[in-house]
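Structure record follows, encoded as structure tokens.
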2 protein chains.
Amino acid sequence: MFRGTTNLSMDVKGRLAVPAKHREALQTKVVLTAHPHGCLLLYPQPAWEPIEAKMMALSSFDKQSSGLQRLLVGYAEDIELDSAGRLLVSPTLREFAGLEKEVMLVGQGSHFEMWHLEAWRKQLDSLMAGGDIEMPAELEGFSL
Amino acid sequence: MFRGTTNLSMDVKGRLAVPAKHREALQTKVVLTAHPHGCLLLYPQPAWEPIEAKMMALSSFDKQSSGLQRLLVGYAEDIELDSAGRLLVSPTLREFAGLEKEVMLVGQGSHFEMWHLEAWRKQLDSLMAGGDIEMPAELEGFSL
DNA sequence: CGCAATTGGTGGGTAAAAGTGGGTTTTTGT
DNA sequence: ACAAAAACCCACTTTTACCCACCAATTGCG
């Protein structure tokens, strides 16, 4: 289970050093893709496969589902960590998520999210600004 | 499985260099055709055959299916990559998809989609603009 | 408690491969 | 037979992958 947020800095070539403590769990083969909220998703390669399979089973003529396919599968890239445990983020994905130097790596259990630091702060602010957080219906009666 | 997006540039002769990492899987014989959403589809030739067969099995009196047949089969072209791994896009298909210089090649598992960069951005924006993305009904309870 | 050794992070340099742009020849269609 | 277009080939430029070296931080040991 991936947990915790880390502030990483991407070098000029677009390489990101994955924190050493997570390397073993990620293995060297990972998949990096785009998320509709504007961040990237990082999965260990084996964990990604079933998700992609499920996505591609949807109709490719339906606007809604083909849009998701284009985003999630279209942007997905197989990446191998280099000998120093870094992953190379392609220009396309960098542009998609607006990544420059400062990147937030956010553990989300089965995977990580990668945010441009500014975008991360923004979405955090908008969550907290509301004052009251309305719980999704599924969490009725649930408390932390 | 084809994944990932690449920003390609078509030269003045209408040639497109397929990324080297995908050439082996595509082989040299490919089929390029039109998709109702305004992009082109690129299949390895062997993978295309059964799809075409399936299309042509539909009734040609039904408006909906004969329309699809005209588009998918009518626009389909057999193309061979040249020695440098480039494919030549015919003027007809270029015009159909509005391709000029900047082209997005989008992996979709069994095949690729080819978009005029502007059109790609547009459809991406309209997907993400809603803020909330409703999941297709088939994905009820599915999470990334 | 301090020093040394090891591990993690960072930044390039370089050789090989991929991408790009024509020029020339061959084919095709009129 | 001629013009236009496509196929082929070659040379140049750019990018990428791989490697190595250095700096920082942390840990272990004397």
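Identifiers for the structure tokens are assigned positionally: chains receive A, B, ... in sequence, residues are indexed from 1 per chain, and ligands are indexed from 1 in the order shown.
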
Residue neighbourhood DT27 in chain D, 12 Å, only C-alpha atoms (C1' of nucleotides), exclusion window fewer than 6 positions, as a PyMOL selection string = chain C and resi 3-7

Within 9 Å of range 93-104 of chain A, counting only C-alpha atoms (C1' of nucleotides), which residues show up once you throw out same-chain ones fewer than 5 positions away? Write them as a ChimeraX atom specification, please.
-> /A:5-12,14,16,32-35,38-40,75-76,113-120 /B:5

Suppose we keep N, CA and C atoms; can you now write the selection as a PDB file, in the first residue's frame?
```pdb
ATOM      1  N   THR A   5       2.846  11.680   1.158  1.00  0.00           N
ATOM      2  CA  THR A   5       3.148  12.587   0.053  1.00  0.00           C
ATOM      3  C   THR A   5       4.612  12.966   0.128  1.00  0.00           C
ATOM      4  N   THR A   6       5.223  13.108  -1.030  1.00  0.00           N
ATOM      5  CA  THR A   6       6.616  13.506  -1.089  1.00  0.00           C
ATOM      6  C   THR A   6       6.776  14.627  -2.100  1.00  0.00           C
ATOM      7  N   ASN A   7       7.599  15.571  -1.746  1.00  0.00           N
ATOM      8  CA  ASN A   7       7.901  16.685  -2.615  1.00  0.00           C
ATOM      9  C   ASN A   7       9.127  16.324  -3.434  1.00  0.00           C
ATOM     10  N   LEU A   8       8.938  16.123  -4.727  1.00  0.00           N
ATOM     11  CA  LEU A   8      10.077  15.727  -5.556  1.00  0.00           C
ATOM     12  C   LEU A   8      10.451  16.854  -6.495  1.00  0.00           C
ATOM     13  N   SER A   9      11.694  16.822  -6.979  1.00  0.00           N
ATOM     14  CA  SER A   9      12.019  17.796  -8.016  1.00  0.00           C
ATOM     15  C   SER A   9      12.510  17.092  -9.266  1.00  0.00           C
ATOM     16  N   MET A  10      11.923  17.492 -10.370  1.00  0.00           N
ATOM     17  CA  MET A  10      12.224  16.889 -11.655  1.00  0.00           C
ATOM     18  C   MET A  10      13.423  17.626 -12.251  1.00  0.00           C
ATOM     19  N   ASP A  11      14.370  16.885 -12.824  1.00  0.00           N
ATOM     20  CA  ASP A  11      15.521  17.571 -13.422  1.00  0.00           C
ATOM     21  C   ASP A  11      15.190  18.042 -14.838  1.00  0.00           C
ATOM     22  N   VAL A  12      16.149  18.703 -15.459  1.00  0.00           N
ATOM     23  CA  VAL A  12      15.876  19.310 -16.758  1.00  0.00           C
ATOM     24  C   VAL A  12      15.538  18.300 -17.851  1.00  0.00           C
ATOM     25  N   GLY A  14      13.582  15.811 -17.337  1.00  0.00           N
ATOM     26  CA  GLY A  14      12.265  15.251 -17.055  1.00  0.00           C
ATOM     27  C   GLY A  14      12.324  13.982 -16.220  1.00  0.00           C
ATOM     28  N   LEU A  16      12.486  11.888 -12.655  1.00  0.00           N
ATOM     29  CA  LEU A  16      11.993  12.010 -11.279  1.00  0.00           C
ATOM     30  C   LEU A  16      12.540  10.853 -10.456  1.00  0.00           C
ATOM     31  N   LEU A  32       2.565   5.021 -16.334  1.00  0.00           N
ATOM     32  CA  LEU A  32       2.229   6.390 -15.973  1.00  0.00           C
ATOM     33  C   LEU A  32       1.158   6.875 -16.942  1.00  0.00           C
ATOM     34  N   THR A  33       0.083   7.455 -16.395  1.00  0.00           N
ATOM     35  CA  THR A  33      -0.964   7.926 -17.293  1.00  0.00           C
ATOM     36  C   THR A  33      -1.636   9.188 -16.763  1.00  0.00           C
ATOM     37  N   ALA A  34      -2.626   9.662 -17.486  1.00  0.00           N
ATOM     38  CA  ALA A  34      -3.268  10.928 -17.145  1.00  0.00           C
ATOM     39  C   ALA A  34      -4.566  10.687 -16.396  1.00  0.00           C
ATOM     40  N   HIS A  35      -4.921  11.609 -15.549  1.00  0.00           N
ATOM     41  CA  HIS A  35      -6.184  11.551 -14.813  1.00  0.00           C
ATOM     42  C   HIS A  35      -6.988  12.795 -15.171  1.00  0.00           C
ATOM     43  N   GLY A  38      -6.373  16.335 -13.886  1.00  0.00           N
ATOM     44  CA  GLY A  38      -5.172  17.095 -14.241  1.00  0.00           C
ATOM     45  C   GLY A  38      -3.898  16.615 -13.584  1.00  0.00           C
ATOM     46  N   CYS A  39      -3.946  15.472 -12.919  1.00  0.00           N
ATOM     47  CA  CYS A  39      -2.703  14.925 -12.377  1.00  0.00           C
ATOM     48  C   CYS A  39      -2.350  13.667 -13.160  1.00  0.00           C
ATOM     49  N   LEU A  40      -1.247  13.041 -12.796  1.00  0.00           N
ATOM     50  CA  LEU A  40      -0.872  11.787 -13.440  1.00  0.00           C
ATOM     51  C   LEU A  40      -1.053  10.640 -12.459  1.00  0.00           C
ATOM     52  N   TYR A  75      -2.994   8.087 -22.863  1.00  0.00           N
ATOM     53  CA  TYR A  75      -1.828   8.703 -22.250  1.00  0.00           C
ATOM     54  C   TYR A  75      -0.925   7.721 -21.522  1.00  0.00           C
ATOM     55  N   ALA A  76      -1.381   6.485 -21.372  1.00  0.00           N
ATOM     56  CA  ALA A  76      -0.602   5.522 -20.582  1.00  0.00           C
ATOM     57  C   ALA A  76       0.725   5.184 -21.249  1.00  0.00           C
ATOM     58  N   GLU A 113      -0.466   9.376  -7.155  1.00  0.00           N
ATOM     59  CA  GLU A 113      -0.813  10.483  -8.033  1.00  0.00           C
ATOM     60  C   GLU A 113       0.378  11.420  -8.086  1.00  0.00           C
ATOM     61  N   MET A 114       0.589  12.043  -9.243  1.00  0.00           N
ATOM     62  CA  MET A 114       1.654  13.029  -9.370  1.00  0.00           C
ATOM     63  C   MET A 114       1.050  14.372  -9.750  1.00  0.00           C
ATOM     64  N   TRP A 115       1.305  15.370  -8.946  1.00  0.00           N
ATOM     65  CA  TRP A 115       0.735  16.698  -9.189  1.00  0.00           C
ATOM     66  C   TRP A 115       1.828  17.734  -9.365  1.00  0.00           C
ATOM     67  N   HIS A 116       1.553  18.696 -10.226  1.00  0.00           N
ATOM     68  CA  HIS A 116       2.342  19.915 -10.207  1.00  0.00           C
ATOM     69  C   HIS A 116       2.034  20.564  -8.869  1.00  0.00           C
ATOM     70  N   LEU A 117       3.041  21.016  -8.156  1.00  0.00           N
ATOM     71  CA  LEU A 117       2.866  21.481  -6.785  1.00  0.00           C
ATOM     72  C   LEU A 117       1.752  22.512  -6.660  1.00  0.00           C
ATOM     73  N   GLU A 118       1.751  23.457  -7.581  1.00  0.00           N
ATOM     74  CA  GLU A 118       0.729  24.512  -7.551  1.00  0.00           C
ATOM     75  C   GLU A 118      -0.672  23.922  -7.652  1.00  0.00           C
ATOM     76  N   ALA A 119      -0.842  23.014  -8.596  1.00  0.00           N
ATOM     77  CA  ALA A 119      -2.152  22.407  -8.819  1.00  0.00           C
ATOM     78  C   ALA A 119      -2.589  21.631  -7.586  1.00  0.00           C
ATOM     79  N   TRP A 120      -1.641  20.983  -6.954  1.00  0.00           N
ATOM     80  CA  TRP A 120      -1.937  20.235  -5.731  1.00  0.00           C
ATOM     81  C   TRP A 120      -2.481  21.168  -4.652  1.00  0.00           C
TER      82      TRP A 120
ATOM     83  N   THR B   5       0.634   8.575 -25.980  1.00  0.00           N
ATOM     84  CA  THR B   5       0.410   9.563 -27.025  1.00  0.00           C
ATOM     85  C   THR B   5       1.751  10.115 -27.467  1.00  0.00           C
TER      86      THR B   5
END
```

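Counting from CA of Phe112 in chain B, the distance to CA of Gly85 in chain B is 15.4 Å.
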
Given identical sequences, what C-alpha RMSD separates chain A from chain B after least-squares superposition over all Cα in order?
-> 0.4 Å

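Residue-level contact on chain D: within 10 Å of chain B, counting only C-alpha atoms (C1' of nucleotides), the set is DA6, DA7, DC8 and DC9 of chain D.
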
Taking C-alpha atoms (C1' of nucleotides) for each residue, export the selection above as an mmCIF file, in the first residue's frame.
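Result written to result_31.cif:
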```cif
data_model
loop_
_atom_site.group_PDB
_atom_site.id
_atom_site.type_symbol
_atom_site.label_atom_id
_atom_site.label_comp_id
_atom_site.auth_asym_id
_atom_site.auth_seq_id
_atom_site.Cartn_x
_atom_site.Cartn_y
_atom_site.Cartn_z
ATOM 1 C "C1'" DA D 6 4.840 8.226 -55.259
ATOM 2 C "C1'" DA D 7 8.702 5.189 -53.834
ATOM 3 C "C1'" DC D 8 13.376 4.911 -52.748
ATOM 4 C "C1'" DC D 9 17.591 6.287 -50.951
#
```

Which polymer residues have any atom within 10 Å of an atom of DT20 in chain C, counting only C-alpha atoms (C1' of nucleotides), with same-chain residues fewer than 2 positions away left out, as a PyMOL selection string?
-> (chain B and resi 9+11+17) or (chain C and resi 18+22) or (chain D and resi 12-14)

Could you pull the residues within 12 Å of DG2 in chain C, counting only C-alpha atoms (C1' of nucleotides), minus those fewer than 6 positions along the same chain, as a ChimeraX atom specification?
-> /D:28-30

Chain B contacts on chain A, only C-alpha atoms, 9 Å, as a ChimeraX atom specification = /A:33,36-38,41,51-56,58,61,63-65,67-71,73-78,91-93,110-111

Now that the selection is made, can you save its residues with N, CA and C atoms as a tab-separated table (two decimals), in the first residue's frame?
```tsv
chain	number	residue	atom	x	y	z
A	33	THR	N	0.08	7.46	-16.40
A	33	THR	CA	-0.96	7.93	-17.29
A	33	THR	C	-1.64	9.19	-16.76
A	36	PRO	N	-8.32	12.63	-15.31
A	36	PRO	CA	-9.13	13.78	-15.72
A	36	PRO	C	-9.01	15.01	-14.81
A	37	HIS	N	-8.58	14.85	-13.59
A	37	HIS	CA	-8.46	16.01	-12.71
A	37	HIS	C	-7.16	16.79	-12.94
A	38	GLY	N	-6.37	16.33	-13.89
A	38	GLY	CA	-5.17	17.09	-14.24
A	38	GLY	C	-3.90	16.62	-13.58
A	41	LEU	N	-1.23	9.45	-12.98
A	41	LEU	CA	-1.36	8.26	-12.15
A	41	LEU	C	-0.17	7.35	-12.39
A	51	ILE	N	-7.02	-2.79	-15.18
A	51	ILE	CA	-7.77	-1.54	-15.31
A	51	ILE	C	-7.92	-1.18	-16.78
A	52	GLU	N	-6.81	-1.29	-17.50
A	52	GLU	CA	-6.86	-1.00	-18.92
A	52	GLU	C	-7.81	-1.93	-19.64
A	53	ALA	N	-7.76	-3.20	-19.28
A	53	ALA	CA	-8.62	-4.18	-19.93
A	53	ALA	C	-10.09	-3.81	-19.74
A	54	LYS	N	-10.42	-3.38	-18.55
A	54	LYS	CA	-11.79	-3.00	-18.25
A	54	LYS	C	-12.21	-1.78	-19.08
A	55	MET	N	-11.32	-0.84	-19.18
A	55	MET	CA	-11.61	0.37	-19.95
A	55	MET	C	-11.87	0.05	-21.41
A	56	MET	N	-11.01	-0.79	-21.97
A	56	MET	CA	-11.09	-1.04	-23.40
A	56	MET	C	-12.26	-1.96	-23.76
A	58	LEU	N	-15.22	-1.19	-23.07
A	58	LEU	CA	-16.36	-0.31	-23.32
A	58	LEU	C	-16.48	0.02	-24.81
A	61	PHE	N	-17.64	3.80	-29.63
A	61	PHE	CA	-18.44	4.77	-30.38
A	61	PHE	C	-19.13	5.75	-29.45
A	63	LYS	N	-19.47	8.55	-26.91
A	63	LYS	CA	-18.61	9.71	-26.64
A	63	LYS	C	-17.98	9.67	-25.26
A	64	GLN	N	-18.82	9.36	-24.28
A	64	GLN	CA	-18.36	9.38	-22.90
A	64	GLN	C	-17.24	8.37	-22.66
A	65	SER	N	-17.51	7.14	-23.04
A	65	SER	CA	-16.53	6.11	-22.73
A	65	SER	C	-15.30	6.19	-23.64
A	67	GLY	N	-14.04	8.88	-24.68
A	67	GLY	CA	-13.25	9.97	-24.11
A	67	GLY	C	-12.36	9.47	-22.99
A	68	LEU	N	-12.92	8.65	-22.13
A	68	LEU	CA	-12.14	8.09	-21.03
A	68	LEU	C	-11.03	7.18	-21.54
A	69	GLN	N	-11.37	6.38	-22.54
A	69	GLN	CA	-10.36	5.50	-23.12
A	69	GLN	C	-9.19	6.30	-23.67
A	70	ARG	N	-9.54	7.38	-24.37
A	70	ARG	CA	-8.48	8.19	-24.97
A	70	ARG	C	-7.59	8.78	-23.90
A	71	LEU	N	-8.22	9.20	-22.83
A	71	LEU	CA	-7.43	9.81	-21.77
A	71	LEU	C	-6.59	8.79	-21.03
A	73	VAL	N	-6.08	5.32	-21.43
A	73	VAL	CA	-5.23	4.40	-22.18
A	73	VAL	C	-4.32	5.17	-23.13
A	74	GLY	N	-4.89	6.22	-23.73
A	74	GLY	CA	-4.10	7.00	-24.68
A	74	GLY	C	-2.85	7.58	-24.05
A	75	TYR	N	-2.99	8.09	-22.86
A	75	TYR	CA	-1.83	8.70	-22.25
A	75	TYR	C	-0.93	7.72	-21.52
A	76	ALA	N	-1.38	6.48	-21.37
A	76	ALA	CA	-0.60	5.52	-20.58
A	76	ALA	C	0.72	5.18	-21.25
A	77	GLU	N	1.78	5.15	-20.47
A	77	GLU	CA	3.08	4.78	-21.00
A	77	GLU	C	3.76	3.77	-20.11
A	78	ASP	N	4.36	2.78	-20.73
A	78	ASP	CA	5.21	1.84	-20.00
A	78	ASP	C	6.55	2.50	-19.77
A	91	PRO	N	7.54	14.26	-22.53
A	91	PRO	CA	7.08	15.64	-22.74
A	91	PRO	C	5.56	15.75	-22.77
A	92	THR	N	4.91	14.79	-23.42
A	92	THR	CA	3.46	14.83	-23.52
A	92	THR	C	2.80	14.82	-22.14
A	93	LEU	N	3.26	13.92	-21.29
A	93	LEU	CA	2.66	13.81	-19.96
A	93	LEU	C	3.02	15.01	-19.09
A	110	SER	N	-3.26	1.75	-3.95
A	110	SER	CA	-2.81	0.89	-5.03
A	110	SER	C	-1.87	1.59	-6.00
A	111	HIS	N	-1.82	2.92	-5.89
A	111	HIS	CA	-1.03	3.68	-6.86
A	111	HIS	C	-0.65	5.05	-6.29
```

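Distance annotation: of C:DC1, C:DG8, C:DA17, C:DT26, the residue with the minimal separation from chain A is C:DG8; atom set is only C-alpha atoms (C1' of nucleotides).
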
Extract the full set of alpha helix (DSSP H) residues from range 44-140 of chain B according to DSSP on the backbone, and format it as a short mmCIF file (atom, residue, chain, number, x, y, z; two decimals) with N, CA and C atoms, in the first residue's frame.
```cif
data_model
loop_
_atom_site.label_atom_id
_atom_site.label_comp_id
_atom_site.auth_asym_id
_atom_site.auth_seq_id
_atom_site.Cartn_x
_atom_site.Cartn_y
_atom_site.Cartn_z
N GLN B 45 -2.33 -4.53 -40.31
CA GLN B 45 -3.22 -5.06 -41.32
C GLN B 45 -3.96 -6.33 -40.87
N PRO B 46 -3.27 -7.29 -40.24
CA PRO B 46 -3.96 -8.51 -39.83
C PRO B 46 -5.07 -8.26 -38.80
N ALA B 47 -4.88 -7.26 -37.96
CA ALA B 47 -5.88 -6.99 -36.93
C ALA B 47 -7.12 -6.33 -37.52
N TRP B 48 -6.95 -5.70 -38.66
CA TRP B 48 -8.07 -4.98 -39.27
C TRP B 48 -9.06 -5.92 -39.95
N GLU B 49 -8.54 -6.93 -40.60
CA GLU B 49 -9.38 -7.84 -41.40
C GLU B 49 -10.66 -8.28 -40.70
N PRO B 50 -10.57 -8.87 -39.50
CA PRO B 50 -11.80 -9.34 -38.85
C PRO B 50 -12.79 -8.21 -38.55
N ILE B 51 -12.26 -7.04 -38.30
CA ILE B 51 -13.15 -5.91 -38.01
C ILE B 51 -13.95 -5.54 -39.26
N GLU B 52 -13.24 -5.48 -40.35
CA GLU B 52 -13.93 -5.16 -41.60
C GLU B 52 -14.98 -6.22 -41.93
N ALA B 53 -14.60 -7.47 -41.71
CA ALA B 53 -15.53 -8.56 -41.98
C ALA B 53 -16.80 -8.40 -41.15
N LYS B 54 -16.61 -8.04 -39.90
CA LYS B 54 -17.74 -7.87 -39.00
C LYS B 54 -18.64 -6.72 -39.46
N MET B 55 -18.02 -5.65 -39.88
CA MET B 55 -18.78 -4.50 -40.35
C MET B 55 -19.64 -4.87 -41.55
N MET B 56 -19.01 -5.59 -42.47
CA MET B 56 -19.70 -5.88 -43.71
C MET B 56 -20.79 -6.93 -43.55
N LYS B 63 -29.88 2.34 -42.05
CA LYS B 63 -29.20 3.62 -42.23
C LYS B 63 -27.93 3.72 -41.38
N GLN B 64 -28.12 3.36 -40.11
CA GLN B 64 -27.03 3.49 -39.15
C GLN B 64 -25.81 2.66 -39.56
N SER B 65 -26.06 1.38 -39.84
CA SER B 65 -24.93 0.50 -40.10
C SER B 65 -24.33 0.71 -41.48
N SER B 66 -25.16 1.06 -42.46
CA SER B 66 -24.56 1.29 -43.77
C SER B 66 -23.73 2.57 -43.75
N GLY B 67 -24.13 3.52 -42.90
CA GLY B 67 -23.32 4.72 -42.75
C GLY B 67 -21.95 4.39 -42.20
N LEU B 68 -21.93 3.55 -41.20
CA LEU B 68 -20.65 3.13 -40.61
C LEU B 68 -19.80 2.37 -41.62
N GLN B 69 -20.47 1.51 -42.38
CA GLN B 69 -19.73 0.75 -43.39
C GLN B 69 -19.06 1.69 -44.38
N ARG B 70 -19.81 2.69 -44.82
CA ARG B 70 -19.25 3.61 -45.81
C ARG B 70 -18.03 4.32 -45.25
N LEU B 71 -18.16 4.70 -43.98
CA LEU B 71 -17.06 5.43 -43.36
C LEU B 71 -15.85 4.54 -43.12
N LEU B 72 -16.08 3.47 -42.37
CA LEU B 72 -14.96 2.63 -41.92
C LEU B 72 -14.33 1.85 -43.05
N PRO B 91 -4.17 12.28 -49.39
CA PRO B 91 -4.85 13.57 -49.29
C PRO B 91 -6.29 13.43 -48.79
N THR B 92 -6.97 12.40 -49.23
CA THR B 92 -8.36 12.20 -48.80
C THR B 92 -8.45 12.06 -47.28
N LEU B 93 -7.61 11.21 -46.73
CA LEU B 93 -7.66 10.99 -45.29
C LEU B 93 -7.15 12.21 -44.53
N ARG B 94 -6.16 12.87 -45.12
CA ARG B 94 -5.65 14.08 -44.48
C ARG B 94 -6.78 15.09 -44.36
N GLU B 95 -7.52 15.21 -45.44
CA GLU B 95 -8.60 16.18 -45.43
C GLU B 95 -9.70 15.77 -44.46
N PHE B 96 -10.01 14.50 -44.44
CA PHE B 96 -11.07 14.02 -43.54
C PHE B 96 -10.80 14.41 -42.10
N ALA B 97 -9.56 14.20 -41.67
CA ALA B 97 -9.24 14.44 -40.26
C ALA B 97 -8.64 15.82 -40.04
N LEU B 117 -3.86 18.00 -33.98
CA LEU B 117 -3.57 18.39 -32.60
C LEU B 117 -4.68 19.25 -31.99
N GLU B 118 -5.16 20.19 -32.77
CA GLU B 118 -6.22 21.08 -32.28
C GLU B 118 -7.47 20.29 -31.90
N ALA B 119 -7.86 19.38 -32.78
CA ALA B 119 -9.06 18.59 -32.55
C ALA B 119 -8.90 17.73 -31.30
N TRP B 120 -7.71 17.20 -31.11
CA TRP B 120 -7.41 16.39 -29.92
C TRP B 120 -7.61 17.22 -28.65
N ARG B 121 -7.02 18.39 -28.65
CA ARG B 121 -7.13 19.27 -27.48
C ARG B 121 -8.58 19.59 -27.19
N LYS B 122 -9.31 19.85 -28.25
CA LYS B 122 -10.70 20.23 -28.10
C LYS B 122 -11.51 19.13 -27.44
N GLN B 123 -11.35 17.91 -27.93
CA GLN B 123 -12.14 16.83 -27.36
C GLN B 123 -11.69 16.51 -25.94
N LEU B 124 -10.41 16.75 -25.66
CA LEU B 124 -9.88 16.54 -24.32
C LEU B 124 -10.49 17.57 -23.37
N ASP B 125 -10.49 18.81 -23.81
CA ASP B 125 -11.07 19.89 -23.01
C ASP B 125 -12.51 19.61 -22.67
N SER B 126 -13.25 19.18 -23.68
CA SER B 126 -14.68 18.99 -23.43
C SER B 126 -14.91 17.83 -22.47
N LEU B 127 -13.98 16.90 -22.44
CA LEU B 127 -14.09 15.80 -21.48
C LEU B 127 -13.81 16.29 -20.06
N MET B 128 -12.82 17.14 -19.93
CA MET B 128 -12.37 17.56 -18.60
C MET B 128 -13.12 18.78 -18.08
N ALA B 129 -13.76 19.49 -18.98
CA ALA B 129 -14.38 20.75 -18.60
C ALA B 129 -15.44 20.57 -17.53
#
```

Where does chain C meet chain A within 9 Å, residue by residue, with the nearest atom pair and distance in Å to one decimal for each, counting only C-alpha atoms (C1' of nucleotides), listed by chain and rising number, as a Markdown table?
```
| residue | atom | partner | partner_atom | distance |
| --- | --- | --- | --- | --- |
| C:DG8 | C1' | A:Ala20 | CA | 7.2 |
| C:DG9 | C1' | A:Ala17 | CA | 7.3 |
| C:DT10 | C1' | A:Asp11 | CA | 8.1 |
| C:DG11 | C1' | A:Asp11 | CA | 8.4 |
```

Selection export as a PDB file, in the first residue's frame, atoms kept: C-alpha atoms (C1' of nucleotides):
```pdb
ATOM      1  C1'  DG C   8      20.159   8.101  -1.792  1.00  0.00           C
ATOM      2  C1'  DG C   9      19.798  11.913  -4.814  1.00  0.00           C
ATOM      3  C1'  DT C  10      21.562  14.877  -8.724  1.00  0.00           C
ATOM      4  C1'  DG C  11      23.770  16.339 -12.735  1.00  0.00           C
TER       5       DG C  11
END
```

Just the residues within 12 Å of DA3 in chain D, please, counting only C-alpha atoms (C1' of nucleotides), with nothing from its chain fewer than 6 positions along; format it as number ranges by chain.
-> C: 28-30
